[in-house]
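Structure file target32.csv (CSV, C-alpha atoms) is printed below.
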chain,number,residue,atom,x,y,z
A,21,MET,CA,100.6,43.5,61.7
A,22,THR,CA,102.2,42.1,58.6
A,23,ALA,CA,105.6,40.4,58.5
A,24,GLY,CA,106.0,38.5,55.3
A,25,ARG,CA,102.5,36.9,54.9
A,26,THR,CA,101.5,36.8,58.5
A,27,GLU,CA,98.8,39.2,59.7
A,28,VAL,CA,98.0,39.2,63.4
A,29,ALA,CA,94.5,40.0,64.7
A,30,VAL,CA,92.5,40.4,67.9
A,31,VAL,CA,89.8,37.7,67.9
A,32,GLY,CA,88.1,37.9,71.3
A,33,TYR,CA,88.0,39.8,74.5
A,34,ALA,CA,86.5,40.0,78.0
A,35,HIS,CA,86.2,42.7,80.6
A,36,SER,CA,85.3,42.7,84.3
A,37,ASP,CA,83.1,45.3,86.0
A,38,ILE,CA,85.2,48.3,87.0
A,39,GLU,CA,84.9,48.9,90.7
A,40,ARG,CA,86.5,51.1,93.3
A,41,THR,CA,87.3,48.0,95.3
A,42,ALA,CA,86.4,44.7,93.9
A,43,GLY,CA,86.0,42.7,97.1
A,44,ARG,CA,88.3,39.9,95.9
A,45,ASP,CA,91.9,39.5,95.0
A,46,LEU,CA,93.0,40.7,91.6
A,47,GLY,CA,94.4,37.3,90.6
A,48,PRO,CA,91.2,35.2,90.7
A,49,LEU,CA,89.3,38.1,89.1
A,50,THR,CA,91.8,38.1,86.2
A,51,VAL,CA,91.6,34.3,85.8
A,52,ASP,CA,87.9,34.5,85.3
A,53,VAL,CA,88.2,37.4,82.8
A,54,VAL,CA,90.9,35.5,80.8
A,55,ARG,CA,88.8,32.3,80.7
A,56,ALA,CA,85.9,34.4,79.4
A,57,ALA,CA,88.0,36.0,76.7
A,58,ILE,CA,89.2,32.6,75.6
A,59,THR,CA,85.6,31.3,75.3
A,60,ASP,CA,84.6,34.5,73.5
A,61,ALA,CA,87.3,33.8,70.9
A,62,GLY,CA,85.9,30.3,70.4
A,63,LEU,CA,88.9,28.6,71.9
A,64,ARG,CA,89.8,26.3,74.8
A,65,VAL,CA,92.3,27.1,77.5
A,66,ASN,CA,94.6,24.3,76.3
A,67,GLN,CA,94.8,26.0,72.9
A,68,ILE,CA,96.4,29.1,74.4
A,69,ASP,CA,100.2,28.8,74.1
A,70,GLY,CA,101.2,32.4,74.8
A,71,TYR,CA,100.6,34.8,77.7
A,72,VAL,CA,101.8,38.5,77.7
A,73,SER,CA,101.1,41.5,79.9
A,74,SER,CA,102.4,44.5,81.7
A,75,SER,CA,101.9,44.1,85.4
A,76,MET,CA,103.1,47.5,86.6
A,77,LEU,CA,101.2,48.8,89.6
A,78,PRO,CA,100.2,52.4,89.0
A,79,SER,CA,101.0,53.7,92.4
A,80,SER,CA,104.1,55.5,93.8
A,81,SER,CA,103.1,55.3,97.4
A,82,GLY,CA,105.9,52.9,98.4
A,83,ARG,CA,104.0,49.6,98.4
A,84,THR,CA,105.6,46.4,97.4
A,85,PRO,CA,103.2,44.7,94.9
A,86,ARG,CA,102.2,41.1,95.6
A,87,ASP,CA,101.6,38.9,92.5
A,88,GLY,CA,98.1,37.7,92.3
A,89,ILE,CA,96.9,40.3,94.7
A,90,ASP,CA,98.1,43.8,93.7
A,91,ILE,CA,99.4,42.8,90.2
A,92,VAL,CA,98.9,39.8,87.9
A,93,SER,CA,102.0,38.8,85.9
A,94,SER,CA,101.9,36.6,82.8
A,95,SER,CA,103.8,33.8,84.6
A,96,TRP,CA,101.3,33.9,87.6
A,97,LEU,CA,98.4,33.7,85.2
A,98,ALA,CA,99.9,31.0,83.0
A,99,GLN,CA,100.5,28.8,86.1
A,100,ARG,CA,96.9,29.1,87.3
A,101,LEU,CA,95.3,28.4,83.9
A,102,GLY,CA,97.4,25.3,83.2
A,103,GLY,CA,98.0,24.0,79.7
A,104,SER,CA,101.5,24.0,78.1
A,105,PRO,CA,102.3,27.5,77.1
A,106,ARG,CA,105.3,28.0,74.8
A,107,TYR,CA,105.7,31.7,75.3
A,108,VAL,CA,105.2,33.7,78.6
A,109,ALA,CA,106.5,37.3,78.7
A,110,GLY,CA,105.9,40.6,80.5
A,111,PHE,CA,106.6,44.1,79.1
A,112,ASP,CA,108.5,46.6,81.3
A,113,GLY,CA,109.1,49.8,79.5
A,114,ILE,CA,107.5,52.9,78.1
A,115,GLY,CA,103.9,52.4,76.9
A,116,GLN,CA,102.8,49.3,78.9
A,117,LEU,CA,99.8,48.4,76.8
A,118,THR,CA,101.3,49.1,73.4
A,119,GLY,CA,104.4,47.2,74.5
A,120,SER,CA,102.2,44.2,75.5
A,121,VAL,CA,100.5,44.3,72.1
A,122,ALA,CA,103.9,44.3,70.5
A,123,LEU,CA,104.9,41.2,72.5
A,124,ALA,CA,101.7,39.4,71.4
A,125,VAL,CA,102.1,40.3,67.7
A,126,ASN,CA,105.8,39.3,67.6
A,127,ALA,CA,105.1,36.0,69.3
A,128,VAL,CA,102.5,35.1,66.6
A,129,VAL,CA,104.6,36.4,63.7
A,130,SER,CA,107.7,34.5,64.9
A,131,GLY,CA,105.9,31.3,65.5
A,132,ALA,CA,106.7,31.4,69.2
A,133,ALA,CA,102.9,30.9,69.9
A,134,ASP,CA,99.8,30.4,67.9
A,135,TYR,CA,97.2,31.8,70.3
A,136,VAL,CA,98.2,34.6,72.7
A,137,VAL,CA,96.3,36.1,75.6
A,138,MET,CA,97.2,39.6,76.5
A,139,HIS,CA,95.7,40.9,79.8
A,140,ARG,CA,95.9,44.0,81.9
A,141,ALA,CA,94.8,43.9,85.5
A,142,LEU,CA,94.6,47.1,87.7
A,143,HIS,CA,94.3,47.3,91.5
A,144,ASN,CA,93.4,50.3,93.7
A,145,PRO,CA,95.3,49.9,96.9
A,146,THR,CA,93.5,51.0,100.1
A,147,GLY,CA,94.8,54.0,102.0
A,148,SER,CA,96.4,57.2,100.7
A,149,TYR,CA,97.2,57.3,97.0
A,150,HIS,CA,100.5,58.7,95.6
A,151,GLY,CA,101.6,59.8,99.0
A,152,ASN,CA,105.4,60.4,99.5
A,153,PRO,CA,106.9,57.7,101.7
A,154,MET,CA,110.4,59.1,101.5
A,155,ARG,CA,112.3,60.1,104.7
A,156,GLU,CA,115.4,61.1,102.8
A,157,VAL,CA,116.1,61.9,99.2
A,158,THR,CA,119.2,61.1,97.2
A,159,GLY,CA,120.0,61.2,93.5
A,160,PRO,CA,118.2,63.4,91.0
A,161,GLN,CA,115.0,63.6,93.1
A,162,GLN,CA,116.9,65.6,95.8
A,163,TRP,CA,116.4,68.6,93.5
A,164,THR,CA,112.6,68.1,93.2
A,165,ALA,CA,110.9,66.1,95.9
A,166,PRO,CA,111.8,68.3,98.9
A,167,GLN,CA,110.3,71.3,97.0
A,168,GLY,CA,107.0,69.4,96.6
A,169,PHE,CA,107.6,68.3,93.0
A,170,PHE,CA,106.6,64.7,93.5
A,171,GLY,CA,104.1,62.3,91.9
A,172,PRO,CA,102.0,62.3,88.8
A,173,LEU,CA,100.0,65.4,89.7
A,174,ALA,CA,103.1,67.6,89.7
A,175,MET,CA,104.3,65.8,86.6
A,176,ILE,CA,101.2,66.7,84.5
A,177,ALA,CA,100.6,70.1,86.0
A,178,LEU,CA,103.9,71.4,84.5
A,179,PRO,CA,103.1,70.8,80.8
A,180,TYR,CA,99.5,71.7,81.4
A,181,ASN,CA,100.5,75.1,82.8
A,182,GLU,CA,102.9,75.5,79.9
A,183,TYR,CA,100.2,74.8,77.4
A,184,LEU,CA,97.8,77.3,79.0
A,185,GLN,CA,100.3,80.0,79.0
A,186,ARG,CA,101.8,79.4,75.6
A,187,TYR,CA,98.5,79.0,73.7
A,188,GLY,CA,96.1,81.2,75.6
A,189,ALA,CA,93.9,78.4,76.9
A,190,THR,CA,92.0,78.5,80.2
A,191,PRO,CA,91.6,75.6,82.7
A,192,ASP,CA,87.8,76.0,82.3
A,193,ALA,CA,88.1,74.9,78.7
A,194,MET,CA,89.0,71.4,79.9
A,195,ALA,CA,85.4,70.9,81.0
A,196,ALA,CA,84.6,70.0,77.4
A,197,VAL,CA,87.1,67.1,77.5
A,198,VAL,CA,86.0,65.7,80.8
A,199,THR,CA,82.3,65.9,80.2
A,200,GLU,CA,82.6,64.2,76.8
A,201,ALA,CA,84.5,61.3,78.4
A,202,ARG,CA,82.0,61.0,81.2
A,203,LYS,CA,79.1,61.2,78.8
A,204,ASN,CA,80.4,58.2,76.8
A,205,GLY,CA,81.6,56.3,79.8
A,206,ALA,CA,78.1,56.5,81.3
A,207,ARG,CA,76.9,54.4,78.3
A,208,ILE,CA,79.5,51.5,79.0
A,209,PRO,CA,78.0,48.6,80.9
A,210,TRP,CA,81.2,47.8,82.9
A,211,SER,CA,82.3,51.4,83.5
A,212,TYR,CA,82.7,52.7,87.1
A,213,TRP,CA,80.8,55.8,85.9
A,214,ARG,CA,78.0,53.8,84.3
A,215,ASP,CA,74.8,56.1,84.2
A,216,ARG,CA,76.7,58.9,85.8
A,217,PRO,CA,77.6,61.6,83.3
A,218,LEU,CA,79.3,64.8,84.6
A,219,SER,CA,78.0,68.4,84.1
A,220,VAL,CA,80.2,71.3,83.3
A,221,GLU,CA,79.0,73.0,86.5
A,222,HIS,CA,80.0,69.9,88.5
A,223,TYR,CA,83.4,69.8,86.9
A,224,LEU,CA,84.1,73.5,87.5
A,225,SER,CA,83.0,73.2,91.2
A,226,ALA,CA,85.5,70.4,92.0
A,227,PRO,CA,88.4,71.4,94.1
A,228,PRO,CA,91.9,71.9,92.6
A,229,LEU,CA,94.5,69.2,93.5
A,230,PHE,CA,97.6,70.7,92.0
A,231,ASP,CA,97.1,73.9,90.1
A,232,PRO,CA,95.6,73.9,87.5
A,233,VAL,CA,94.6,70.2,87.8
A,234,ARG,CA,91.1,69.7,89.2
A,235,ARG,CA,89.7,66.5,90.7
A,236,TYR,CA,87.9,65.3,87.6
A,237,ASP,CA,91.0,65.9,85.4
A,238,CYS,CA,92.3,62.7,86.9
A,239,ASP,CA,91.0,59.1,86.2
A,240,ILE,CA,89.8,57.4,89.3
A,241,PRO,CA,91.8,54.4,90.7
A,242,VAL,CA,89.9,51.2,90.3
A,243,ASP,CA,90.0,47.4,90.4
A,244,GLY,CA,89.4,45.7,87.1
A,245,ALA,CA,90.8,43.4,84.5
A,246,ALA,CA,90.6,43.0,80.7
A,247,ALA,CA,91.9,40.4,78.3
A,248,PHE,CA,92.3,40.1,74.5
A,249,VAL,CA,93.2,37.0,72.4
A,250,PHE,CA,95.6,37.3,69.4
A,251,THR,CA,96.3,34.9,66.6
A,252,SER,CA,97.0,35.0,62.9
A,253,ALA,CA,94.4,36.3,60.5
A,254,GLU,CA,94.5,33.0,58.7
A,255,ARG,CA,93.6,31.1,61.9
A,256,ALA,CA,91.0,33.7,62.7
A,257,ALA,CA,89.0,32.7,59.7
A,258,ASP,CA,87.8,29.7,61.6
A,259,LEU,CA,86.8,31.6,64.7
A,260,PRO,CA,83.3,33.1,65.5
A,261,HIS,CA,84.1,36.9,65.4
A,262,PRO,CA,85.5,39.1,62.7
A,263,PRO,CA,89.2,39.6,63.2
A,264,VAL,CA,90.6,43.1,63.9
A,265,ARG,CA,94.1,43.3,62.5
A,266,VAL,CA,97.0,45.0,64.1
A,267,ALA,CA,98.3,47.2,61.3
A,268,GLY,CA,101.2,48.7,63.2
A,269,PHE,CA,102.5,50.1,66.5
A,270,ALA,CA,105.1,52.5,67.8
A,271,ASN,CA,106.3,53.4,71.3
A,272,SER,CA,107.7,56.7,72.4
A,273,VAL,CA,111.4,57.3,72.5
A,274,PRO,CA,112.6,59.9,75.0
A,275,THR,CA,114.8,62.4,73.2
A,276,ARG,CA,116.2,64.4,76.1
A,277,ARG,CA,117.6,63.6,79.5
A,278,ARG,CA,115.4,65.0,82.2
A,279,LEU,CA,115.0,65.0,86.0
A,280,PRO,CA,112.4,62.4,87.2
A,281,LEU,CA,108.8,63.5,86.4
A,282,HIS,CA,110.1,66.5,84.5
A,283,TRP,CA,107.8,66.6,81.4
A,284,PRO,CA,108.2,69.9,79.5
A,285,LEU,CA,105.7,70.6,76.8
A,286,VAL,CA,108.4,70.7,74.1
A,287,ASP,CA,109.3,67.0,74.8
A,288,ILE,CA,105.7,66.0,74.5
A,289,GLU,CA,105.2,67.9,71.2
A,290,ASP,CA,108.5,66.9,69.6
A,291,SER,CA,108.5,63.2,70.6
A,292,GLY,CA,104.8,63.0,69.8
A,293,ALA,CA,105.4,64.1,66.2
A,294,ASP,CA,108.2,61.6,65.9
A,295,LEU,CA,106.0,58.8,67.3
A,296,VAL,CA,103.3,59.5,64.8
A,297,ARG,CA,105.8,59.5,61.9
A,298,ARG,CA,107.0,56.0,63.0
A,299,LEU,CA,103.5,54.8,63.5
A,300,GLU,CA,102.5,55.8,59.9
A,301,LYS,CA,105.6,54.1,58.6
A,302,THR,CA,105.1,50.8,60.5
A,303,SER,CA,101.4,50.6,59.6
A,304,GLY,CA,101.5,52.0,56.1
A,305,ILE,CA,98.4,54.1,57.1
A,306,SER,CA,98.2,57.9,57.3
A,307,MET,CA,96.6,59.4,60.4
A,308,ARG,CA,94.3,61.2,57.9
A,309,ASP,CA,92.8,57.8,57.1
A,310,VAL,CA,91.9,56.9,60.7
A,311,ASP,CA,88.2,56.8,61.4
A,312,LEU,CA,88.4,56.1,65.1
A,313,PRO,CA,91.2,57.8,67.0
A,314,GLN,CA,91.0,56.9,70.7
A,315,VAL,CA,93.2,59.3,72.6
A,316,TYR,CA,94.6,58.6,76.0
A,317,ASP,CA,93.1,60.5,78.9
A,318,GLY,CA,94.6,59.3,82.2
A,319,PHE,CA,94.9,63.0,82.9
A,320,SER,CA,92.7,65.3,80.8
A,321,PRO,CA,95.5,67.4,79.2
A,322,PHE,CA,96.7,64.3,77.5
A,323,VAL,CA,93.6,64.6,75.2
A,324,TRP,CA,94.8,68.0,73.9
A,325,PHE,CA,98.4,66.7,73.5
A,326,TRP,CA,97.3,63.6,71.5
A,327,LEU,CA,94.8,65.5,69.3
A,328,GLU,CA,97.7,67.7,68.1
A,329,ALA,CA,100.3,64.9,67.9
A,330,LEU,CA,97.9,62.9,65.6
A,331,GLY,CA,97.4,65.9,63.4
A,332,ILE,CA,93.7,66.1,64.1
A,333,CYS,CA,94.1,69.8,64.8
A,334,PRO,CA,97.1,72.2,64.6
A,335,ARG,CA,99.6,72.6,67.5
A,336,GLY,CA,98.1,74.9,70.1
A,337,GLU,CA,94.6,74.6,68.8
A,338,ALA,CA,93.2,71.6,70.6
A,339,HIS,CA,91.6,73.6,73.4
A,340,ARG,CA,89.6,75.5,70.8
A,341,PHE,CA,88.8,72.5,68.7
A,342,VAL,CA,87.3,70.6,71.7
A,343,ALA,CA,85.4,73.6,73.0
A,344,ASP,CA,83.8,74.0,69.6
A,345,GLY,CA,82.5,70.4,69.7
A,346,GLY,CA,85.3,68.9,67.7
A,347,ILE,CA,85.2,65.6,69.6
A,348,ASP,CA,81.5,65.4,70.4
A,349,SER,CA,80.8,61.7,69.5
A,350,ASP,CA,77.1,62.5,69.0
A,351,SER,CA,77.8,65.2,66.4
A,352,PRO,CA,78.0,64.1,62.8
A,353,GLY,CA,81.4,65.0,61.3
A,354,ALA,CA,83.1,65.4,64.7
A,355,VAL,CA,86.1,63.2,65.7
A,356,PRO,CA,85.0,60.5,68.1
A,357,ALA,CA,88.2,60.6,70.1
A,358,LEU,CA,86.6,59.6,73.4
A,359,SER,CA,83.7,57.5,72.1
A,360,GLY,CA,84.8,54.6,74.4
A,361,GLY,CA,84.8,56.8,77.5
A,362,GLY,CA,88.5,56.6,78.0
A,363,ALA,CA,90.0,56.4,81.5
A,364,LEU,CA,88.1,59.5,82.6
A,365,GLY,CA,84.8,57.8,81.7
A,366,ASN,CA,85.6,54.3,82.8
A,367,GLY,CA,88.3,54.3,85.5
A,368,ARG,CA,92.0,53.9,85.5
A,369,MET,CA,92.4,50.9,83.2
A,370,HIS,CA,95.7,52.1,81.6
A,371,GLY,CA,94.8,52.2,77.9
A,372,VAL,CA,92.3,49.3,77.9
A,373,PRO,CA,89.3,51.5,77.1
A,374,GLN,CA,91.1,52.9,74.0
A,375,MET,CA,92.1,49.5,72.7
A,376,LEU,CA,88.7,47.9,73.5
A,377,GLU,CA,86.8,50.7,71.7
A,378,CYS,CA,88.9,50.1,68.6
A,379,TYR,CA,88.3,46.3,68.8
A,380,LEU,CA,84.5,46.6,69.4
A,381,GLN,CA,83.8,49.1,66.7
A,382,LEU,CA,86.0,47.5,64.0
A,383,ALA,CA,84.6,44.1,64.8
A,384,GLY,CA,81.0,45.3,64.7
A,385,ARG,CA,80.5,44.3,68.3
A,386,ALA,CA,79.7,47.6,70.0
A,387,GLY,CA,75.9,47.0,70.2
A,388,ASP,CA,73.8,50.1,70.6
A,389,ARG,CA,77.0,52.2,70.4
A,390,GLN,CA,78.1,50.8,67.0
A,391,ARG,CA,79.3,53.5,64.7
A,392,ALA,CA,78.9,53.3,60.9
A,393,GLY,CA,81.8,53.4,58.4
A,394,VAL,CA,84.6,52.6,60.8
A,395,ASP,CA,87.5,50.8,59.2
A,396,VAL,CA,90.7,52.1,60.9
A,397,GLY,CA,91.3,52.9,64.5
A,398,VAL,CA,94.3,54.1,66.6
A,399,ALA,CA,94.5,53.4,70.3
A,400,CYS,CA,96.9,55.7,72.2
A,401,HIS,CA,98.5,55.1,75.6
A,402,SER,CA,100.0,57.5,78.2
A,403,SER,CA,101.7,60.7,77.0
A,404,PRO,CA,102.8,61.1,73.4
A,405,HIS,CA,106.4,61.3,74.6
A,406,HIS,CA,106.1,58.5,77.2
A,407,GLY,CA,103.7,56.0,75.8
A,408,GLY,CA,102.7,54.6,72.4
A,409,ALA,CA,99.9,53.9,69.9
A,410,VAL,CA,98.6,50.9,67.9
A,411,VAL,CA,96.8,51.1,64.6
A,412,TYR,CA,94.0,48.6,64.1
A,413,SER,CA,92.3,47.8,60.7
A,414,LYS,CA,89.1,46.1,59.8
A,415,HIS,CA,90.4,44.9,56.5
A,416,PRO,CA,93.6,43.3,55.3
A,417,HIS,CA,96.2,45.9,54.6
Full structure transcribed into structure tokens:
Amino acid sequence: MTAGRTEVAVVGYAHSDIERTAGRDLGPLTVDVVRAAITDAGLRVNQIDGYVSSSMLPSSSGRTPRDGIDIVSSSWLAQRLGGSPRYVAGFDGIGQLTGSVALAVNAVVSGAADYVVMHRALHNPTGSYHGNPMREVTGPQQWTAPQGFFGPLAMIALPYNEYLQRYGATPDAMAAVVTEARKNGARIPWSYWRDRPLSVEHYLSAPPLFDPVRRYDCDIPVDGAAAFVFTSAERAADLPHPPVRVAGFANSVPTRRRLPLHWPLVDIEDSGADLVRRLEKTSGISMRDVDLPQVYDGFSPFVWFWLEALGICPRGEAHRFVADGGIDSDSPGAVPALSGGGALGNGRMHGVPQMLECYLQLAGRAGDRQRAGVDVGVACHSSPHHGGAVVYSKHPH
């Protein structure tokens, strides 16, 4: 991103294998990944003077997270790696990954740090997931939780049902989204779903979890860690890999007061349109000029929502667009919106697959998956009304 004459770029990365249960604590796993990212960037640990992250544990089952085991905060990581960091921060807000990118960019632009590591570490706790631990309910949730409206499945089922009813879509049409993500994730070496694509028949035969949400509409909880190194484009000229510039970013701003987990479709559509307007303004890049949109897919309906928010297809038409092969990454002329596999094709890495695909493709480091003619990417996170997006550019802007 440009502020005056300073452009900030991603210059290196590392990613662990994504496993259901890693067999080791998340902290040591993340330390190893971050060391590998620093080496990949052509740097030494003692040159890293900034650490940023978002350490939110994606579980609402009542557990108290333990730093270095269930989560990995920036301060925990900085203490274990040593050196003399000048800037250590964690993002706690809407759009965890995009917020962390903003912290990294602003640290470099302001001079608070020269080389910043941004990491994201995800843990899959044992036992039941997203169970309701409450014995009594007070506050706003007293109007929802006793009736069974609790947790992310209820949250996404509401706008998904609205979309189906308003635009004449069917749940079976979502098979095209999920099979596309799994096809691409099966090609990723570190993916939990490596070499395991999903057929339409398998998707349709999966049991419903919260009507109309099926099992494979949800990303699978996993253990894994990823790290990226940021610095100025000027410093990046001396490093081994082509820099991928952060052209701009924007996070969602809730426009209406709602009960917890109440995500009406109108909020997603209106706030998504506002988010994209601000994203184009901060980056100076129109979404029409994006070669590589990577839409978020923690739940499959997010793909429809983001395709429409980005203007890739008209409002209410994403289900037809996808069913007609509009995001088939193997089809010339289609939009490769899930070419990195996303969360459905990799595992619940909270926006990392979208960011990593933008970095790998724009830096020319995607190996056998490298796409030709890719200059601008956008990585989306969470819902259009409760997340954010970052524009990445191969060239100075």
Could you check which of A:Ser291, A:Ser75, A:Ser349, A:Thr41 is closest to Ala329 of chain A, using all atoms listed in the file? A:Ser291
Can you tell me which residues surround segment 129-139 of chain A at a distance of at most 7 Å, considering only C-alpha atoms, apart from same-chain residues fewer than 2 positions away, and format the answer as a list in words?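 In the requested form, the answer reads Ala23, Thr26, Gln67, Ile68, Asp69, Gly70, Tyr71, Val72, Ser73, Arg106, Tyr107, Ser120, Ala124, Val125, Asn126, Ala127, Ala141, Ala246, Ala247, Phe248, Val249, Phe250 and Thr251 of chain A.
Taking atom CA of Leu49 of chain A and atom CA of Gly244 of chain A as the two end points, the separation is 7.9 Å.
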Do you know which residues are at most 12 Å from Leu259 of chain A counting all atoms listed in the file, after dropping those on the same chain fewer than 4 positions away, and could you put them as number ranges by chain? A: 29-32, 58-64, 135, 249-255, 263
Atom CA of Ala363 of chain A and atom CA of Asp317 of chain A, how far apart in Å?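 Straight-line distance from atom CA of Asp317 of chain A to atom CA of Ala363 of chain A works out to 5.8 Å.
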Quick one: everything within 8 Å of Ala177 of chain A, counting all atoms listed in the file, minus sequence neighbours fewer than 4 positions away in the same chain. Send it as a VMD selection string. chain A and resid 173 181 230 to 233
Any idea what the distance is between atom CA of Gly171 of chain A and atom CA of Asp237 of chain A?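 Taking atom CA of Gly171 of chain A and atom CA of Asp237 of chain A, their separation equals 15.1 Å.
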My list of candidates is A:Pro179, A:Pro227, A:Pro85, A:Gly102. Which is closest to Pro145 of chain A when distances are computed with all atoms listed in the file?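 Comparing A:Pro179, A:Pro227, A:Pro85, A:Gly102 against Pro145 of chain A, the winner is A:Pro85.
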So, counting only C-alpha atoms, which residue among A:Ala409, A:Ala206, A:Ala122, A:Ala399 is closest to Val372 of chain A?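 Closest to Val372 of chain A of all the choices is A:Ala399.
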One residue among A:Pro172, A:Gly336, A:Gly384, A:Gly331 is nearest to Gly188 of chain A when using only C-alpha atoms, and that residue is A:Gly336
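The neighbours of Leu295 of chain A here are the residues that come within 12 Å of it, using only C-alpha atoms and leaving out any residue fewer than 6 positions away in the same chain; they are Gly115, Gly268, Phe269, Ala270, Asn271, Ser272, Val273, Pro274, Thr275, Asp287, Ile288, Glu289, Lys301, Thr302, Met307, Trp326, Ala329, Leu330, Gly331, Cys400, His401, Ser403, Pro404, His405, His406, Gly407, Gly408, Ala409 and Val410 of chain A.
The environment of Gly365 of chain A within 6 Å, counting only C-alpha atoms and disregarding residues fewer than 6 places along the same chain, consists of Ala201, Arg202 and Gly205 of chain A.
The shortest atom-to-atom distance to Arg335 of chain A, with only C-alpha atoms taken into account, belongs to A:Tyr187 out of A:Trp96, A:Tyr187, A:Trp283, A:Phe111.
Among the candidates A:Tyr33, A:Tyr180, A:Ser95, A:Val220, the residue lying nearest to Glu377 of chain A is A:Tyr33 (atoms considered: all atoms listed in the file).
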Could you please give me, as a PDB file with C-alpha atoms, in the coordinates of the input, the residues of protein, DNA or RNA lying at most 12 Å from (93.1, 51.4, 90.5) in the coordinate frame of the file, considering all atoms listed in the file?
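Final file, out19.pdb:
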ATOM      1  CA  ILE A  38      85.200  48.300  87.000  1.00  0.00           C
ATOM      2  CA  GLU A  39      84.900  48.900  90.700  1.00  0.00           C
ATOM      3  CA  ARG A  40      86.500  51.100  93.300  1.00  0.00           C
ATOM      4  CA  THR A  41      87.300  48.000  95.300  1.00  0.00           C
ATOM      5  CA  ALA A  42      86.400  44.700  93.900  1.00  0.00           C
ATOM      6  CA  LEU A  46      93.000  40.700  91.600  1.00  0.00           C
ATOM      7  CA  MET A  76     103.100  47.500  86.600  1.00  0.00           C
ATOM      8  CA  LEU A  77     101.200  48.800  89.600  1.00  0.00           C
ATOM      9  CA  PRO A  78     100.200  52.400  89.000  1.00  0.00           C
ATOM     10  CA  SER A  79     101.000  53.700  92.400  1.00  0.00           C
ATOM     11  CA  ASP A  90      98.100  43.800  93.700  1.00  0.00           C
ATOM     12  CA  ILE A  91      99.400  42.800  90.200  1.00  0.00           C
ATOM     13  CA  ARG A 140      95.900  44.000  81.900  1.00  0.00           C
ATOM     14  CA  ALA A 141      94.800  43.900  85.500  1.00  0.00           C
ATOM     15  CA  LEU A 142      94.600  47.100  87.700  1.00  0.00           C
ATOM     16  CA  HIS A 143      94.300  47.300  91.500  1.00  0.00           C
ATOM     17  CA  ASN A 144      93.400  50.300  93.700  1.00  0.00           C
ATOM     18  CA  PRO A 145      95.300  49.900  96.900  1.00  0.00           C
ATOM     19  CA  THR A 146      93.500  51.000 100.100  1.00  0.00           C
ATOM     20  CA  GLY A 147      94.800  54.000 102.000  1.00  0.00           C
ATOM     21  CA  TYR A 149      97.200  57.300  97.000  1.00  0.00           C
ATOM     22  CA  HIS A 150     100.500  58.700  95.600  1.00  0.00           C
ATOM     23  CA  TYR A 212      82.700  52.700  87.100  1.00  0.00           C
ATOM     24  CA  CYS A 238      92.300  62.700  86.900  1.00  0.00           C
ATOM     25  CA  ASP A 239      91.000  59.100  86.200  1.00  0.00           C
ATOM     26  CA  ILE A 240      89.800  57.400  89.300  1.00  0.00           C
ATOM     27  CA  PRO A 241      91.800  54.400  90.700  1.00  0.00           C
ATOM     28  CA  VAL A 242      89.900  51.200  90.300  1.00  0.00           C
ATOM     29  CA  ASP A 243      90.000  47.400  90.400  1.00  0.00           C
ATOM     30  CA  GLY A 244      89.400  45.700  87.100  1.00  0.00           C
ATOM     31  CA  ALA A 245      90.800  43.400  84.500  1.00  0.00           C
ATOM     32  CA  GLY A 318      94.600  59.300  82.200  1.00  0.00           C
ATOM     33  CA  ALA A 363      90.000  56.400  81.500  1.00  0.00           C
ATOM     34  CA  ASN A 366      85.600  54.300  82.800  1.00  0.00           C
ATOM     35  CA  GLY A 367      88.300  54.300  85.500  1.00  0.00           C
ATOM     36  CA  ARG A 368      92.000  53.900  85.500  1.00  0.00           C
ATOM     37  CA  MET A 369      92.400  50.900  83.200  1.00  0.00           C
ATOM     38  CA  HIS A 370      95.700  52.100  81.600  1.00  0.00           C
TER      39      HIS A 370
END
Can you give me N, CA and C atoms for segment 325-332 of chain A, written as an mmCIF file, in the frame of the given file?
data_model
loop_
_atom_site.group_PDB
_atom_site.id
_atom_site.type_symbol
_atom_site.label_atom_id
_atom_site.label_comp_id
_atom_site.auth_asym_id
_atom_site.auth_seq_id
_atom_site.Cartn_x
_atom_site.Cartn_y
_atom_site.Cartn_z
ATOM 1 N N PHE A 325 97.034 67.036 74.037
ATOM 2 C CA PHE A 325 98.400 66.700 73.500
ATOM 3 C C PHE A 325 98.243 65.667 72.360
ATOM 4 N N TRP A 326 97.390 64.649 72.528
ATOM 5 C CA TRP A 326 97.300 63.600 71.500
ATOM 6 C C TRP A 326 96.531 64.111 70.266
ATOM 7 N N LEU A 327 95.518 64.938 70.435
ATOM 8 C CA LEU A 327 94.800 65.500 69.300
ATOM 9 C C LEU A 327 95.788 66.223 68.358
ATOM 10 N N GLU A 328 96.720 66.949 68.948
ATOM 11 C CA GLU A 328 97.700 67.700 68.100
ATOM 12 C C GLU A 328 98.779 66.773 67.595
ATOM 13 N N ALA A 329 99.224 65.788 68.386
ATOM 14 C CA ALA A 329 100.300 64.900 67.900
ATOM 15 C C ALA A 329 99.753 64.059 66.703
ATOM 16 N N LEU A 330 98.490 63.662 66.718
ATOM 17 C CA LEU A 330 97.900 62.900 65.600
ATOM 18 C C LEU A 330 97.571 63.725 64.399
ATOM 19 N N GLY A 331 97.704 65.046 64.529
ATOM 20 C CA GLY A 331 97.400 65.900 63.400
ATOM 21 C C GLY A 331 95.935 66.199 63.218
ATOM 22 N N ILE A 332 95.119 65.886 64.227
ATOM 23 C CA ILE A 332 93.700 66.100 64.100
ATOM 24 C C ILE A 332 93.395 67.625 64.137
#
